[in-house]
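Undergrad: Questions regarding the structure given below will be posed in turn.
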Amino acid sequence: MTSRRLPHELEKMRRAGRIVAQTLRHLSQMVAPGVTTLDLDKEAESFIRAAGGVPSFLGYRGYPGTVCASVNDEIVHGIPGQRVLAEGDIISIDVGAIWEGYQGDAALTVGVGCVSGAAQRLMDATRSALYAGIAAVHDGVRLGDVSHAIEQSARASGLEIVREYGGHGIGREMHEGPHILNWGPPGGGIKLRQGMTICLEPMLTLGGFETRLTGNRWTVVTADGSLAAHFEHTIAVTMDGAEILTLDDETGWEAMG
Ligand code: MF3
Ligand code: CO
């Protein structure tokens with residue numbers, strides 16, 4: 001279970017989060033037809049290291065990349081490789097970095113060139129669901145209320161929510177308890193307390209919610225081949241709300257695509 005961070009720990013998580021946000025901004029600006037997902041991965045590793053961070057995904061349970069690059073029907077954990085991005089694709093980029101032992105983790109989904117109206121609505125709805133979850137957070141809130149807020153937002157958009165994957169506590173480890181569902185009834189679950197640090201990460205699809213693990217044992221795709229989007233922030237619970245830690249302070253830019 002994630003614990004309440006002390007001020008000096010939160011400061012390190014802000015630094016890790018800033019590196020993650022800056023990396024995501026840099027990679028989003030690189031996304032274009034003709035770029036491979038491996039190009040993005042290589043750039044991410046040098047960018048994180050140049051900023052003084054350590055890539056957290058690389059080697060995590062044997063994961064081979066610095067980022068997850070999940071294209072179109074890939075929901076999460078797309079392994080970077082020779083795949084060439086094409087006009088109209090959508091790509092979720094998920095980045096993690098460590099600063100002095102503390103973790104940051106965020107993801108966004110962006111279009112490659114011009115995308116369909118449906119793809120744009122999917123990305124917008126997924127980002128809105130993340131922000132609905134963040135808006136529900138404050139000291140004393142029950143985890144179920146946060147999950148329910150994410151679900152309500154997604155339902156309002158008429159899109160399906162992936163059920164088997166969700167958010168998590170984060171701190172010195174990338175994945176700490178609790179597991180945070182993107183759906184469920186309000187009123188139950190543990191109470192979040194000021195200083196706890198968590199990741200919220202809704203995944204929505206244009207089709208069904210069923211998923212399939214591909215042959216590489218990492219990449220999760222929609223069972224029906226429909227498009228999926230994924231947005232994630234690392235946040236700290238405050239007395240009256242939440243502080244987004246995966247922010248680039250210098251530009252005010254955040255992982256919004
Ligand atoms: N951000 C991802 C998550 O929270 C972590 C990617 S897992 C890794 O699920 F293996 F790629 F590191
Ligand atoms: Co995460």
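Ordering of the structure tokens sets the chain letters (A, B, ...); residue numbers start at 1 within each chain; ligands are numbered from 1 in the order shown.
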Among segment 83-236 of chain A, which ones does DSSP place in strand (DSSP E), written as a PyMOL selection string?

TA: chain A and resi 90-99+102-111+160-161+167-169+176-180+197-200+203-205+211-213+220-222+228-230+233-236

Undergrad: Can those selected residues be exported to a file as a PDB file, in the first residue's frame so that it contains C-alpha atoms?

TA:
```pdb
ATOM      1  CA  ILE A  90      -3.652   7.176 -32.723  1.00  0.00           C
ATOM      2  CA  ILE A  91      -0.821   6.335 -30.325  1.00  0.00           C
ATOM      3  CA  SER A  92      -0.744   6.088 -26.556  1.00  0.00           C
ATOM      4  CA  ILE A  93       2.677   6.904 -25.177  1.00  0.00           C
ATOM      5  CA  ASP A  94       3.332   5.854 -21.573  1.00  0.00           C
ATOM      6  CA  VAL A  95       6.505   7.069 -19.835  1.00  0.00           C
ATOM      7  CA  GLY A  96       8.038   6.415 -16.416  1.00  0.00           C
ATOM      8  CA  ALA A  97      11.095   7.992 -14.829  1.00  0.00           C
ATOM      9  CA  ILE A  98      12.844   7.892 -11.458  1.00  0.00           C
ATOM     10  CA  TRP A  99      14.430  10.893  -9.702  1.00  0.00           C
ATOM     11  CA  TYR A 102      11.058   8.350  -6.552  1.00  0.00           C
ATOM     12  CA  GLN A 103       8.791   7.511  -9.460  1.00  0.00           C
ATOM     13  CA  GLY A 104       6.718   9.432 -11.986  1.00  0.00           C
ATOM     14  CA  ASP A 105       4.394   7.754 -14.491  1.00  0.00           C
ATOM     15  CA  ALA A 106       2.094   9.314 -17.100  1.00  0.00           C
ATOM     16  CA  ALA A 107       0.562   8.627 -20.479  1.00  0.00           C
ATOM     17  CA  LEU A 108      -1.301  10.433 -23.213  1.00  0.00           C
ATOM     18  CA  THR A 109      -2.821   9.553 -26.551  1.00  0.00           C
ATOM     19  CA  VAL A 110      -2.217  11.673 -29.625  1.00  0.00           C
ATOM     20  CA  GLY A 111      -3.246  11.495 -33.249  1.00  0.00           C
ATOM     21  CA  GLU A 160     -16.687   1.445 -23.059  1.00  0.00           C
ATOM     22  CA  ILE A 161     -14.168   1.253 -20.240  1.00  0.00           C
ATOM     23  CA  GLY A 167      -4.420   2.790 -11.768  1.00  0.00           C
ATOM     24  CA  HIS A 168      -2.193   2.196  -8.757  1.00  0.00           C
ATOM     25  CA  GLY A 169      -0.312   3.646  -5.861  1.00  0.00           C
ATOM     26  CA  GLU A 176       2.203   0.098  -5.137  1.00  0.00           C
ATOM     27  CA  GLY A 177      -1.191  -0.707  -3.684  1.00  0.00           C
ATOM     28  CA  PRO A 178      -4.027   0.020  -4.017  1.00  0.00           C
ATOM     29  CA  HIS A 179      -5.170  -1.103  -7.448  1.00  0.00           C
ATOM     30  CA  ILE A 180      -7.515   1.617  -8.699  1.00  0.00           C
ATOM     31  CA  THR A 197       0.530   9.415  -4.304  1.00  0.00           C
ATOM     32  CA  ILE A 198      -1.404   7.520  -6.942  1.00  0.00           C
ATOM     33  CA  CYS A 199      -1.737   7.078 -10.691  1.00  0.00           C
ATOM     34  CA  LEU A 200      -5.122   7.305 -12.381  1.00  0.00           C
ATOM     35  CA  MET A 203      -8.547   3.281 -20.921  1.00  0.00           C
ATOM     36  CA  LEU A 204     -11.573   3.648 -23.212  1.00  0.00           C
ATOM     37  CA  THR A 205     -12.496   1.992 -26.503  1.00  0.00           C
ATOM     38  CA  THR A 211      -9.213  -7.379 -24.188  1.00  0.00           C
ATOM     39  CA  ARG A 212      -6.671  -9.879 -25.437  1.00  0.00           C
ATOM     40  CA  LEU A 213      -3.005 -10.307 -24.496  1.00  0.00           C
ATOM     41  CA  VAL A 220      -2.925  -5.717 -24.613  1.00  0.00           C
ATOM     42  CA  VAL A 221      -5.315  -5.137 -27.541  1.00  0.00           C
ATOM     43  CA  THR A 222      -9.079  -4.756 -27.851  1.00  0.00           C
ATOM     44  CA  ALA A 228      -8.435   2.420 -27.682  1.00  0.00           C
ATOM     45  CA  ALA A 229      -7.101   5.478 -25.861  1.00  0.00           C
ATOM     46  CA  HIS A 230      -5.245   5.843 -22.552  1.00  0.00           C
ATOM     47  CA  HIS A 233      -1.232  11.252 -14.462  1.00  0.00           C
ATOM     48  CA  THR A 234       0.635  10.772 -11.198  1.00  0.00           C
ATOM     49  CA  ILE A 235      -1.097  12.841  -8.515  1.00  0.00           C
ATOM     50  CA  ALA A 236      -0.714  13.605  -4.816  1.00  0.00           C
TER      51      ALA A 236
END
```

Undergrad: Could you list the protein, DNA and RNA residues that have any atom within 6 Å of ligand 1, counting only C-alpha atoms and all ligand atoms, and write them as a list in words?

TA: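 So, counting only C-alpha atoms and all ligand atoms, the residues near ligand 1 are Phe57, Tyr60, Tyr63, Cys68, His77, Asp94 and Asp105 of chain A.
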
Undergrad: Do you know which residues are at most 10 Å from Ser226 of chain A counting only C-alpha atoms, after dropping those on the same chain fewer than 5 positions away, and could you put them as a VMD selection string?

TA: chain A and resid 72 to 75 205 to 209 221

Undergrad: Could the residues in this selection be written to a file with all heavy atoms, as an mmCIF file, in the first residue's frame?

TA:
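In the end it all went to again_20.cif:
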```cif
data_model
loop_
_atom_site.group_PDB
_atom_site.id
_atom_site.type_symbol
_atom_site.label_atom_id
_atom_site.label_comp_id
_atom_site.auth_asym_id
_atom_site.auth_seq_id
_atom_site.Cartn_x
_atom_site.Cartn_y
_atom_site.Cartn_z
ATOM 1 N N ASN A 72 -3.449 2.405 -32.114
ATOM 2 C CA ASN A 72 -4.798 2.027 -32.574
ATOM 3 C C ASN A 72 -5.503 1.047 -31.628
ATOM 4 O O ASN A 72 -5.955 1.444 -30.576
ATOM 5 C CB ASN A 72 -4.741 1.510 -34.009
ATOM 6 C CG ASN A 72 -4.328 2.616 -34.985
ATOM 7 O OD1 ASN A 72 -4.425 3.788 -34.643
ATOM 8 N ND2 ASN A 72 -3.867 2.250 -36.161
ATOM 9 N N ASP A 73 -5.591 -0.252 -32.015
ATOM 10 C CA ASP A 73 -6.319 -1.210 -31.170
ATOM 11 C C ASP A 73 -5.478 -1.683 -29.984
ATOM 12 O O ASP A 73 -5.981 -2.424 -29.132
ATOM 13 C CB ASP A 73 -6.777 -2.417 -32.004
ATOM 14 C CG ASP A 73 -5.609 -3.169 -32.604
ATOM 15 O OD1 ASP A 73 -4.657 -2.515 -33.092
ATOM 16 O OD2 ASP A 73 -5.627 -4.409 -32.579
ATOM 17 N N GLU A 74 -4.217 -1.292 -29.934
ATOM 18 C CA GLU A 74 -3.394 -1.621 -28.761
ATOM 19 C C GLU A 74 -3.814 -0.689 -27.633
ATOM 20 O O GLU A 74 -3.870 0.535 -27.808
ATOM 21 C CB GLU A 74 -1.908 -1.461 -29.085
ATOM 22 C CG GLU A 74 -1.452 -2.452 -30.157
ATOM 23 C CD GLU A 74 -0.034 -2.241 -30.665
ATOM 24 O OE1 GLU A 74 0.565 -1.173 -30.389
ATOM 25 O OE2 GLU A 74 0.471 -3.143 -31.351
ATOM 26 N N ILE A 75 -4.111 -1.266 -26.464
ATOM 27 C CA ILE A 75 -4.622 -0.478 -25.340
ATOM 28 C C ILE A 75 -3.460 0.022 -24.490
ATOM 29 O O ILE A 75 -3.325 1.218 -24.215
ATOM 30 C CB ILE A 75 -5.586 -1.319 -24.474
ATOM 31 C CG1 ILE A 75 -6.728 -1.886 -25.329
ATOM 32 C CG2 ILE A 75 -6.128 -0.485 -23.319
ATOM 33 C CD1 ILE A 75 -7.553 -2.966 -24.623
ATOM 34 N N THR A 205 -12.518 2.517 -25.128
ATOM 35 C CA THR A 205 -12.496 1.992 -26.503
ATOM 36 C C THR A 205 -13.706 2.485 -27.290
ATOM 37 O O THR A 205 -14.712 2.885 -26.705
ATOM 38 C CB THR A 205 -12.513 0.443 -26.540
ATOM 39 O OG1 THR A 205 -13.871 -0.001 -26.440
ATOM 40 C CG2 THR A 205 -11.701 -0.174 -25.422
ATOM 41 N N LEU A 206 -13.595 2.386 -28.614
ATOM 42 C CA LEU A 206 -14.732 2.724 -29.481
ATOM 43 C C LEU A 206 -15.625 1.511 -29.695
ATOM 44 O O LEU A 206 -16.656 1.606 -30.338
ATOM 45 C CB LEU A 206 -14.240 3.241 -30.835
ATOM 46 C CG LEU A 206 -13.742 4.679 -30.893
ATOM 47 C CD1 LEU A 206 -13.339 5.041 -32.322
ATOM 48 C CD2 LEU A 206 -14.788 5.660 -30.374
ATOM 49 N N GLY A 207 -15.215 0.343 -29.181
ATOM 50 C CA GLY A 207 -16.013 -0.879 -29.354
ATOM 51 C C GLY A 207 -16.334 -1.485 -28.002
ATOM 52 O O GLY A 207 -16.825 -0.806 -27.108
ATOM 53 N N GLY A 208 -16.017 -2.779 -27.868
ATOM 54 C CA GLY A 208 -16.300 -3.480 -26.616
ATOM 55 C C GLY A 208 -15.185 -3.303 -25.602
ATOM 56 O O GLY A 208 -14.127 -2.744 -25.903
ATOM 57 N N PHE A 209 -15.439 -3.808 -24.385
ATOM 58 C CA PHE A 209 -14.432 -3.664 -23.331
ATOM 59 C C PHE A 209 -13.496 -4.866 -23.233
ATOM 60 O O PHE A 209 -12.518 -4.825 -22.500
ATOM 61 C CB PHE A 209 -15.102 -3.427 -21.974
ATOM 62 C CG PHE A 209 -16.032 -4.526 -21.540
ATOM 63 C CD1 PHE A 209 -15.533 -5.672 -20.950
ATOM 64 C CD2 PHE A 209 -17.406 -4.407 -21.725
ATOM 65 C CE1 PHE A 209 -16.378 -6.692 -20.537
ATOM 66 C CE2 PHE A 209 -18.263 -5.427 -21.325
ATOM 67 C CZ PHE A 209 -17.746 -6.569 -20.734
ATOM 68 N N VAL A 221 -4.531 -5.727 -26.452
ATOM 69 C CA VAL A 221 -5.315 -5.137 -27.541
ATOM 70 C C VAL A 221 -6.797 -5.313 -27.257
ATOM 71 O O VAL A 221 -7.195 -6.144 -26.425
ATOM 72 C CB VAL A 221 -4.962 -5.775 -28.913
ATOM 73 C CG1 VAL A 221 -3.517 -5.497 -29.296
ATOM 74 C CG2 VAL A 221 -5.247 -7.277 -28.910
#
```

Undergrad: Quick one: residues within 6 Å of segment 181-184 of chain A, only C-alpha atoms counted, chain neighbours fewer than 5 positions away excluded, as a list of chain:residue names?

TA: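 Counting only the stated atoms, we get A:Ser147, A:His148, A:Ile150, A:Glu151, A:Gly166, A:Pro202.
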
Undergrad: Could you save those same residues with all heavy atoms as an mmCIF file, in the first residue's frame?

TA:
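This is the output file part-v5.cif:
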```cif
data_model
loop_
_atom_site.group_PDB
_atom_site.id
_atom_site.type_symbol
_atom_site.label_atom_id
_atom_site.label_comp_id
_atom_site.auth_asym_id
_atom_site.auth_seq_id
_atom_site.Cartn_x
_atom_site.Cartn_y
_atom_site.Cartn_z
ATOM 1 N N SER A 147 -13.138 5.908 -8.494
ATOM 2 C CA SER A 147 -13.410 4.968 -9.589
ATOM 3 C C SER A 147 -14.752 5.279 -10.240
ATOM 4 O O SER A 147 -14.882 5.288 -11.471
ATOM 5 C CB SER A 147 -13.437 3.531 -9.057
ATOM 6 O OG SER A 147 -12.195 3.196 -8.486
ATOM 7 N N HIS A 148 -15.748 5.554 -9.405
ATOM 8 C CA HIS A 148 -17.086 5.821 -9.917
ATOM 9 C C HIS A 148 -17.123 7.107 -10.747
ATOM 10 O O HIS A 148 -17.810 7.168 -11.778
ATOM 11 C CB HIS A 148 -18.078 5.914 -8.756
ATOM 12 C CG HIS A 148 -19.496 5.965 -9.188
ATOM 13 N ND1 HIS A 148 -20.124 4.897 -9.791
ATOM 14 C CD2 HIS A 148 -20.410 6.967 -9.149
ATOM 15 C CE1 HIS A 148 -21.370 5.236 -10.085
ATOM 16 N NE2 HIS A 148 -21.570 6.490 -9.711
ATOM 17 N N ILE A 150 -14.722 8.310 -12.545
ATOM 18 C CA ILE A 150 -14.124 7.993 -13.844
ATOM 19 C C ILE A 150 -15.163 7.271 -14.712
ATOM 20 O O ILE A 150 -15.378 7.613 -15.880
ATOM 21 C CB ILE A 150 -12.851 7.136 -13.666
ATOM 22 C CG1 ILE A 150 -11.770 7.940 -12.920
ATOM 23 C CG2 ILE A 150 -12.337 6.644 -15.015
ATOM 24 C CD1 ILE A 150 -10.555 7.114 -12.493
ATOM 25 N N GLU A 151 -15.837 6.296 -14.117
ATOM 26 C CA GLU A 151 -16.846 5.534 -14.868
ATOM 27 C C GLU A 151 -17.981 6.435 -15.358
ATOM 28 O O GLU A 151 -18.405 6.348 -16.515
ATOM 29 C CB GLU A 151 -17.423 4.405 -13.998
ATOM 30 C CG GLU A 151 -18.537 3.657 -14.717
ATOM 31 C CD GLU A 151 -19.080 2.456 -13.962
ATOM 32 O OE1 GLU A 151 -18.580 2.146 -12.875
ATOM 33 O OE2 GLU A 151 -20.021 1.831 -14.494
ATOM 34 N N GLY A 166 -6.006 -0.847 -14.548
ATOM 35 C CA GLY A 166 -6.388 0.381 -13.870
ATOM 36 C C GLY A 166 -5.190 1.088 -13.292
ATOM 37 O O GLY A 166 -4.040 0.815 -13.655
ATOM 38 N N PRO A 202 -7.406 5.892 -16.933
ATOM 39 C CA PRO A 202 -8.499 5.284 -17.682
ATOM 40 C C PRO A 202 -8.102 4.876 -19.101
ATOM 41 O O PRO A 202 -7.256 5.529 -19.716
ATOM 42 C CB PRO A 202 -9.567 6.383 -17.718
ATOM 43 C CG PRO A 202 -8.837 7.641 -17.463
ATOM 44 C CD PRO A 202 -7.662 7.297 -16.608
#
```

Undergrad: If we count only C-alpha atoms, what is near Met30 of chain A at a cut-off of 10 Å, once residues fewer than 6 positions away on the same chain are taken out, given as a ChimeraX atom specification?

TA: /A:24,39-40,43,112

Undergrad: If you run DSSP on the backbone here, which positions in segment 114-213 of chain A get helix (DSSP H, G or I)? Please write them as JSON, numbers by chain.

TA: {"A": [117, 118, 119, 120, 121, 122, 123, 124, 125, 126, 127, 128, 129, 130, 131, 132, 133, 134, 135, 136, 143, 144, 145, 146, 147, 148, 149, 150, 151, 152, 153, 154, 155, 156]}

Undergrad: From the options A:Arg5, A:Ile170, A:Arg142, A:Thr126, which residue's atoms come nearest to Gly158 of chain A, counting only C-alpha atoms?

TA: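 Of A:Arg5, A:Ile170, A:Arg142, A:Thr126, the one nearest Gly158 of chain A is A:Thr126, counting only C-alpha atoms.
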
Undergrad: Write out as an MDAnalysis selection string which residues come within 10 Å of Arg83 of chain A when counting only C-alpha atoms, dropping same-chain ones fewer than 4 positions away.

TA: chainID A and resid 34:39 69 71 79

Undergrad: Considering only C-alpha atoms, can you say which of A:Ser157, A:Gly225, A:Gly52, A:Leu85 comes closest to Met123 of chain A?

TA: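 Among the listed residues, the smallest separation from Met123 of chain A belongs to A:Ser157.
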
Undergrad: Out of A:Gly188, A:Pro7, A:Gly88, A:Gly171, which residue has the shortest atom-to-atom distance to ligand 2 when counting only C-alpha atoms and all ligand atoms?

TA: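 Once distances to ligand 2 are computed over only C-alpha atoms and all ligand atoms, the minimum belongs to A:Gly171.
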
Undergrad: Please indicate the distance in Å from atom CA of Thr23 of chain A to atom CA of Ile48 of chain A, rounded to one decimal place.

TA: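 Atom-to-atom, atom CA of Thr23 of chain A and atom CA of Ile48 of chain A are spaced 6.7 Å apart.
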
Undergrad: Can you pull out every residue within 12 Å of Leu6 of chain A, counting only C-alpha atoms, but drop anything in the same chain fewer than 4 positions away, and send it as a list in words?

TA: Leu10, Glu11, Lys12, Met13, Gly171, Gln194, Gly195, Met196, Thr197 and Ala236 of chain A
